[in-house]
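Source file: model.txt (compact mmCIF, C-alpha atoms and all ligand atoms)
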```
# COMPACT_ATOMS: atom_id res chain seq x y z
CA MET A 1 17.18 11.31 8.01
CA THR A 2 17.64 7.80 6.69
CA SER A 3 14.62 5.93 5.45
CA VAL A 4 14.04 2.36 4.39
CA PRO A 5 11.10 0.48 2.82
CA VAL A 6 8.91 -1.50 5.22
CA ALA A 7 9.60 -4.61 3.11
CA ALA A 8 11.70 -5.38 0.05
CA GLY A 9 10.00 -6.08 -3.26
CA VAL A 10 6.67 -4.40 -2.48
CA PHE A 11 7.27 -1.07 -4.23
CA THR A 12 10.05 0.45 -6.30
CA TRP A 13 12.72 1.98 -4.03
CA PRO A 14 14.15 4.54 -4.05
CA SER A 15 11.83 6.27 -6.45
CA ALA A 16 10.34 9.74 -6.92
CA GLN A 17 7.48 8.07 -8.82
CA PRO A 18 6.91 4.91 -6.80
CA ARG A 19 5.16 1.92 -8.34
CA LEU A 20 3.83 -1.18 -6.65
CA ILE A 21 5.51 -4.40 -7.74
CA GLY A 22 3.11 -7.14 -8.75
CA SER A 23 3.45 -10.10 -11.03
CA ARG A 24 1.76 -10.94 -14.31
CA CYS A 25 1.07 -14.42 -15.63
CA SER A 26 2.78 -15.06 -18.97
CA MET A 27 0.15 -17.65 -19.86
CA CYS A 28 -3.21 -16.04 -19.04
CA GLY A 29 -2.28 -12.43 -18.25
CA ILE A 30 -3.73 -12.20 -14.75
CA VAL A 31 -2.01 -9.61 -12.52
CA THR A 32 -1.44 -10.17 -8.80
CA PHE A 33 -0.30 -7.98 -5.94
CA PRO A 34 1.86 -8.73 -4.11
CA THR A 35 3.98 -10.93 -6.35
CA GLN A 36 3.16 -14.63 -6.52
CA ASP A 37 5.23 -17.56 -7.71
CA SER A 38 2.33 -19.35 -9.35
CA CYS A 39 -0.78 -18.11 -11.09
CA PRO A 40 -3.99 -18.24 -8.99
CA ARG A 41 -6.01 -18.82 -12.17
CA CYS A 42 -4.05 -21.25 -14.35
CA ALA A 43 -1.28 -22.46 -11.99
CA SER A 44 1.46 -21.35 -14.40
CA THR A 45 4.78 -20.64 -12.71
CA GLU A 46 5.72 -18.04 -15.34
CA MET A 47 4.97 -14.98 -13.17
CA PRO A 48 7.48 -12.22 -14.02
CA GLN A 49 7.46 -8.97 -12.08
CA HIS A 50 5.05 -6.37 -13.34
CA LEU A 51 4.94 -2.72 -12.23
CA LEU A 52 1.40 -1.60 -11.46
CA PRO A 53 -0.13 1.71 -12.59
CA ARG A 54 0.50 4.59 -10.14
CA ARG A 55 -3.10 5.75 -10.26
CA GLY A 56 -6.42 4.04 -9.77
CA ARG A 57 -10.00 4.43 -8.63
CA LEU A 58 -11.24 4.06 -5.06
CA TRP A 59 -13.57 1.09 -4.79
CA ALA A 60 -14.30 0.59 -1.08
CA TRP A 61 -12.89 1.96 2.14
CA THR A 62 -13.16 2.16 5.89
CA THR A 63 -11.34 3.74 8.80
CA GLN A 64 -8.99 1.73 10.99
CA ASP A 65 -9.85 3.18 14.41
CA PHE A 66 -7.69 0.88 16.51
CA PRO A 67 -4.35 -0.91 16.02
CA PRO A 68 -4.76 -4.05 13.87
CA PRO A 69 -3.66 -7.45 15.26
CA SER A 70 0.07 -7.74 15.72
CA PRO A 71 1.66 -9.57 13.98
CA PRO A 72 1.49 -8.79 11.11
CA TYR A 73 0.88 -5.19 12.17
CA ALA A 74 4.11 -3.58 13.35
CA GLY A 75 3.17 0.09 13.59
CA PRO A 76 2.45 2.41 16.48
CA THR A 77 0.08 1.21 19.22
CA GLY A 78 -1.41 2.69 22.38
CA GLU A 79 -1.35 6.47 22.55
CA ALA A 80 0.97 6.64 19.53
CA PHE A 81 -1.68 5.08 17.29
CA VAL A 82 -3.39 7.41 14.85
CA PRO A 83 -6.50 6.19 12.98
CA PHE A 84 -5.96 5.81 9.25
CA GLY A 85 -8.04 5.07 6.21
CA ILE A 86 -7.82 1.72 4.49
CA GLY A 87 -9.34 0.86 1.17
CA TYR A 88 -9.37 -1.04 -2.08
CA VAL A 89 -8.09 0.76 -5.14
CA GLN A 90 -8.70 -0.56 -8.64
CA LEU A 91 -5.52 -0.01 -10.66
CA GLY A 92 -6.39 0.27 -14.33
CA ASP A 93 -8.24 -2.86 -15.38
CA GLU A 94 -5.51 -4.99 -13.86
CA VAL A 95 -5.93 -5.57 -10.15
CA LYS A 96 -7.53 -4.35 -6.92
CA VAL A 97 -5.08 -3.51 -4.17
CA GLU A 98 -5.83 -3.19 -0.46
CA ALA A 99 -3.85 -0.32 0.99
CA ARG A 100 -3.59 2.38 3.58
CA LEU A 101 -5.16 5.69 2.56
CA THR A 102 -3.77 9.12 3.46
CA GLU A 103 -7.31 10.28 4.24
CA ALA A 104 -8.79 8.89 7.47
CA ASP A 105 -12.14 10.69 7.25
CA PRO A 106 -14.54 8.38 5.36
CA HIS A 107 -16.74 11.34 4.44
CA ALA A 108 -13.88 12.95 2.53
CA LEU A 109 -13.76 9.97 0.17
CA GLU A 110 -15.97 9.09 -2.79
CA GLN A 111 -16.62 5.95 -4.75
CA GLY A 112 -14.58 6.01 -7.96
CA MET A 113 -12.40 8.96 -7.01
CA GLU A 114 -8.94 8.99 -8.53
CA MET A 115 -6.15 7.89 -6.19
CA GLU A 116 -2.37 8.06 -6.54
CA LEU A 117 0.35 5.96 -4.93
CA VAL A 118 2.58 7.73 -2.40
CA LEU A 119 5.10 6.58 0.17
CA VAL A 120 4.43 7.63 3.77
CA PRO A 121 6.30 7.23 7.07
CA PHE A 122 4.99 4.16 8.89
CA ARG A 123 7.08 4.25 12.03
CA THR A 124 10.45 5.35 13.32
CA ARG A 125 12.83 2.72 14.54
CA GLY A 126 13.64 2.89 18.20
CA ASP A 127 10.34 4.20 19.50
CA GLN A 128 8.10 1.60 21.07
CA ASP A 129 9.07 -1.88 20.07
CA GLY A 130 12.13 -2.31 22.25
CA ASP A 131 14.03 -4.41 19.73
CA GLY A 132 17.17 -2.32 20.02
CA ASP A 133 17.27 -0.83 16.52
CA ASP A 134 16.86 2.67 17.86
CA ASP A 135 18.78 4.49 15.13
CA GLY A 136 15.88 6.80 14.20
CA THR A 137 15.51 5.34 10.73
CA GLU A 138 12.18 6.16 9.16
CA VAL A 139 10.35 3.10 7.87
CA MET A 140 8.27 3.89 4.78
CA THR A 141 5.15 2.15 3.55
CA PHE A 142 2.83 2.77 0.63
CA ALA A 143 -0.54 4.48 0.66
CA PHE A 144 -3.00 6.01 -1.75
CA ARG A 145 -4.00 9.64 -1.63
CA PRO A 146 -6.85 11.38 -3.44
CA VAL A 147 -5.58 13.10 -6.58
CA ASP A 148 -6.00 16.83 -6.21
CA THR A 149 -8.25 17.74 -9.10
CA ALA A 150 -8.57 21.41 -8.11
ZN ZN B 1 -2.24 -17.69 -15.44
```
Please re-express this file's structure in structure tokens.
Ligand SMILES: [Zn+2]
Amino acid sequence: MTSVPVAAGVFTWPSAQPRLIGSRCSMCGIVTFPTQDSCPRCASTEMPQHLLPRRGRLWAWTTQDFPPPSPPYAGPTGEAFVPFGIGYVQLGDEVKVEARLTEADPHALEQGMEMELVLVPFRTRGDQDGDGDDDGTEVMTFAFRPVDTA
């Protein structure tokens, strides 16, 4: 099956060890995700790409029990919708990232637990949206999963 990233420039692709693509200010060192053209702290426009750490610590989370507003949401709706976890993950001491979580049960998650970046299927082209691109391509997005410490 063919698969494509949900958007270009968000994570490394293709990659067995995916990394999120942020930017880092050359002047003050602040890291942003997603990439920005100018620094939110010092307004510098020297913001080269910066690959973020693959692992981080869970900071806050909730469960998305219903389809988010569309747009920007472009995933399954109606009966095809499956609740998913969403949370903030602190990556190193660099940046907090809001992302989908592979675990939808809030009771299975713990403050500060170690999380790892993975790529997950988001939708399959040609299912519900009626835009004609029904070639079965799998659209991939990023998520964090709890690191198995067992
Ligand atoms: Zn700066």
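Taking CA of Gln90 in chain A as the reference point, CA of Ala143 in chain A is found at 13.4 Å.
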Could the residues that lie within 9 Å of ligand ZN 1 (chain B), counting all atoms listed in the file, be listed as an mmCIF file with C-alpha atoms, keeping the file's coordinate frame?
```
data_model
loop_
_atom_site.group_PDB
_atom_site.id
_atom_site.type_symbol
_atom_site.label_atom_id
_atom_site.label_comp_id
_atom_site.auth_asym_id
_atom_site.auth_seq_id
_atom_site.Cartn_x
_atom_site.Cartn_y
_atom_site.Cartn_z
ATOM 1 C CA ARG A 24 1.760 -10.940 -14.310
ATOM 2 C CA CYS A 25 1.070 -14.420 -15.630
ATOM 3 C CA SER A 26 2.780 -15.060 -18.970
ATOM 4 C CA MET A 27 0.150 -17.650 -19.860
ATOM 5 C CA CYS A 28 -3.210 -16.040 -19.040
ATOM 6 C CA GLY A 29 -2.280 -12.430 -18.250
ATOM 7 C CA ILE A 30 -3.730 -12.200 -14.750
ATOM 8 C CA VAL A 31 -2.010 -9.610 -12.520
ATOM 9 C CA SER A 38 2.330 -19.350 -9.350
ATOM 10 C CA CYS A 39 -0.780 -18.110 -11.090
ATOM 11 C CA PRO A 40 -3.990 -18.240 -8.990
ATOM 12 C CA ARG A 41 -6.010 -18.820 -12.170
ATOM 13 C CA CYS A 42 -4.050 -21.250 -14.350
ATOM 14 C CA ALA A 43 -1.280 -22.460 -11.990
ATOM 15 C CA SER A 44 1.460 -21.350 -14.400
ATOM 16 C CA THR A 45 4.780 -20.640 -12.710
ATOM 17 C CA GLU A 46 5.720 -18.040 -15.340
ATOM 18 C CA MET A 47 4.970 -14.980 -13.170
#
```
Could you check how far CA of Ile21 in chain A sits from CA of Ser3 in chain A, in Å to one decimal? 19.1 Å
Counting all atoms listed in the file, the residue of A:Ala99, A:Ala108, A:Met113, A:Ala80 that sits nearest Val10 in chain A: A:Ala99
If we count all atoms listed in the file and set the cut-off at 7 Å, which residues sit around range 83-85 of chain A, ignoring sequence neighbours fewer than 3 positions away in its own chain? Please answer as an mmCIF file with C-alpha atoms, in the frame of the given file.
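Written output follows (selection-v7.cif):
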```cif
data_model
loop_
_atom_site.group_PDB
_atom_site.id
_atom_site.type_symbol
_atom_site.label_atom_id
_atom_site.label_comp_id
_atom_site.auth_asym_id
_atom_site.auth_seq_id
_atom_site.Cartn_x
_atom_site.Cartn_y
_atom_site.Cartn_z
ATOM 1 C CA THR A 62 -13.160 2.160 5.890
ATOM 2 C CA THR A 63 -11.340 3.740 8.800
ATOM 3 C CA GLN A 64 -8.990 1.730 10.990
ATOM 4 C CA ASP A 65 -9.850 3.180 14.410
ATOM 5 C CA PHE A 66 -7.690 0.880 16.510
ATOM 6 C CA ARG A 100 -3.590 2.380 3.580
ATOM 7 C CA LEU A 101 -5.160 5.690 2.560
ATOM 8 C CA THR A 102 -3.770 9.120 3.460
ATOM 9 C CA GLU A 103 -7.310 10.280 4.240
ATOM 10 C CA ALA A 104 -8.790 8.890 7.470
#
```
Residues near Pro67 in chain A, anyone? I mean within 12 Å using all atoms listed in the file, not counting same-chain ones fewer than 4 positions away, as a PDB file with C-alpha atoms, keeping the file's coordinate frame.
```pdb
ATOM      1  CA  THR A  63     -11.340   3.740   8.800  1.00  0.00           C
ATOM      2  CA  PRO A  71       1.660  -9.570  13.980  1.00  0.00           C
ATOM      3  CA  PRO A  72       1.490  -8.790  11.110  1.00  0.00           C
ATOM      4  CA  TYR A  73       0.880  -5.190  12.170  1.00  0.00           C
ATOM      5  CA  ALA A  74       4.110  -3.580  13.350  1.00  0.00           C
ATOM      6  CA  GLY A  75       3.170   0.090  13.590  1.00  0.00           C
ATOM      7  CA  PRO A  76       2.450   2.410  16.480  1.00  0.00           C
ATOM      8  CA  THR A  77       0.080   1.210  19.220  1.00  0.00           C
ATOM      9  CA  GLY A  78      -1.410   2.690  22.380  1.00  0.00           C
ATOM     10  CA  GLU A  79      -1.350   6.470  22.550  1.00  0.00           C
ATOM     11  CA  ALA A  80       0.970   6.640  19.530  1.00  0.00           C
ATOM     12  CA  PHE A  81      -1.680   5.080  17.290  1.00  0.00           C
ATOM     13  CA  VAL A  82      -3.390   7.410  14.850  1.00  0.00           C
ATOM     14  CA  PRO A  83      -6.500   6.190  12.980  1.00  0.00           C
ATOM     15  CA  PHE A  84      -5.960   5.810   9.250  1.00  0.00           C
TER      16      PHE A  84
END
```
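Nearest residue to Pro53 in chain A, choosing from A:Pro18, A:Pro121, A:Gly112, A:Pro34 and counting all atoms listed in the file: A:Pro18.
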Measure the distance from CA of Val120 in chain A to CA of Val139 in chain A in Å and round it to one decimal.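 Between CA of Val120 in chain A and CA of Val139 in chain A the gap works out to 8.5 Å.
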Nearest candidate to Leu51 in chain A (options A:Leu20, A:Val95, A:Met115, A:Val4; using all atoms listed in the file):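 Among the listed residues, A:Leu20 lies closest to Leu51 in chain A.
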Minimum-distance residue to Thr12 in chain A, chosen among A:Leu119, A:Phe33, A:Asp93, A:Gly136 (using all atoms listed in the file): A:Leu119
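The closest residue to Gly56 in chain A, picked from A:Met140, A:Ile86, A:Val97, A:Ala16 and counting all atoms listed in the file, is A:Val97.
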Among the residues A:Glu94, A:Asp135, A:Asp105, A:Glu114, the one that comes closest to Trp59 in chain A [using only C-alpha atoms]: A:Glu114
Test item: residues at most 9 Å from Val118 in chain A, only C-alpha atoms, excluding those fewer than 3 positions along its chain, as JSON, numbers by chain: {"A": [17, 18, 19, 54, 102, 141, 142, 143, 144, 145]}
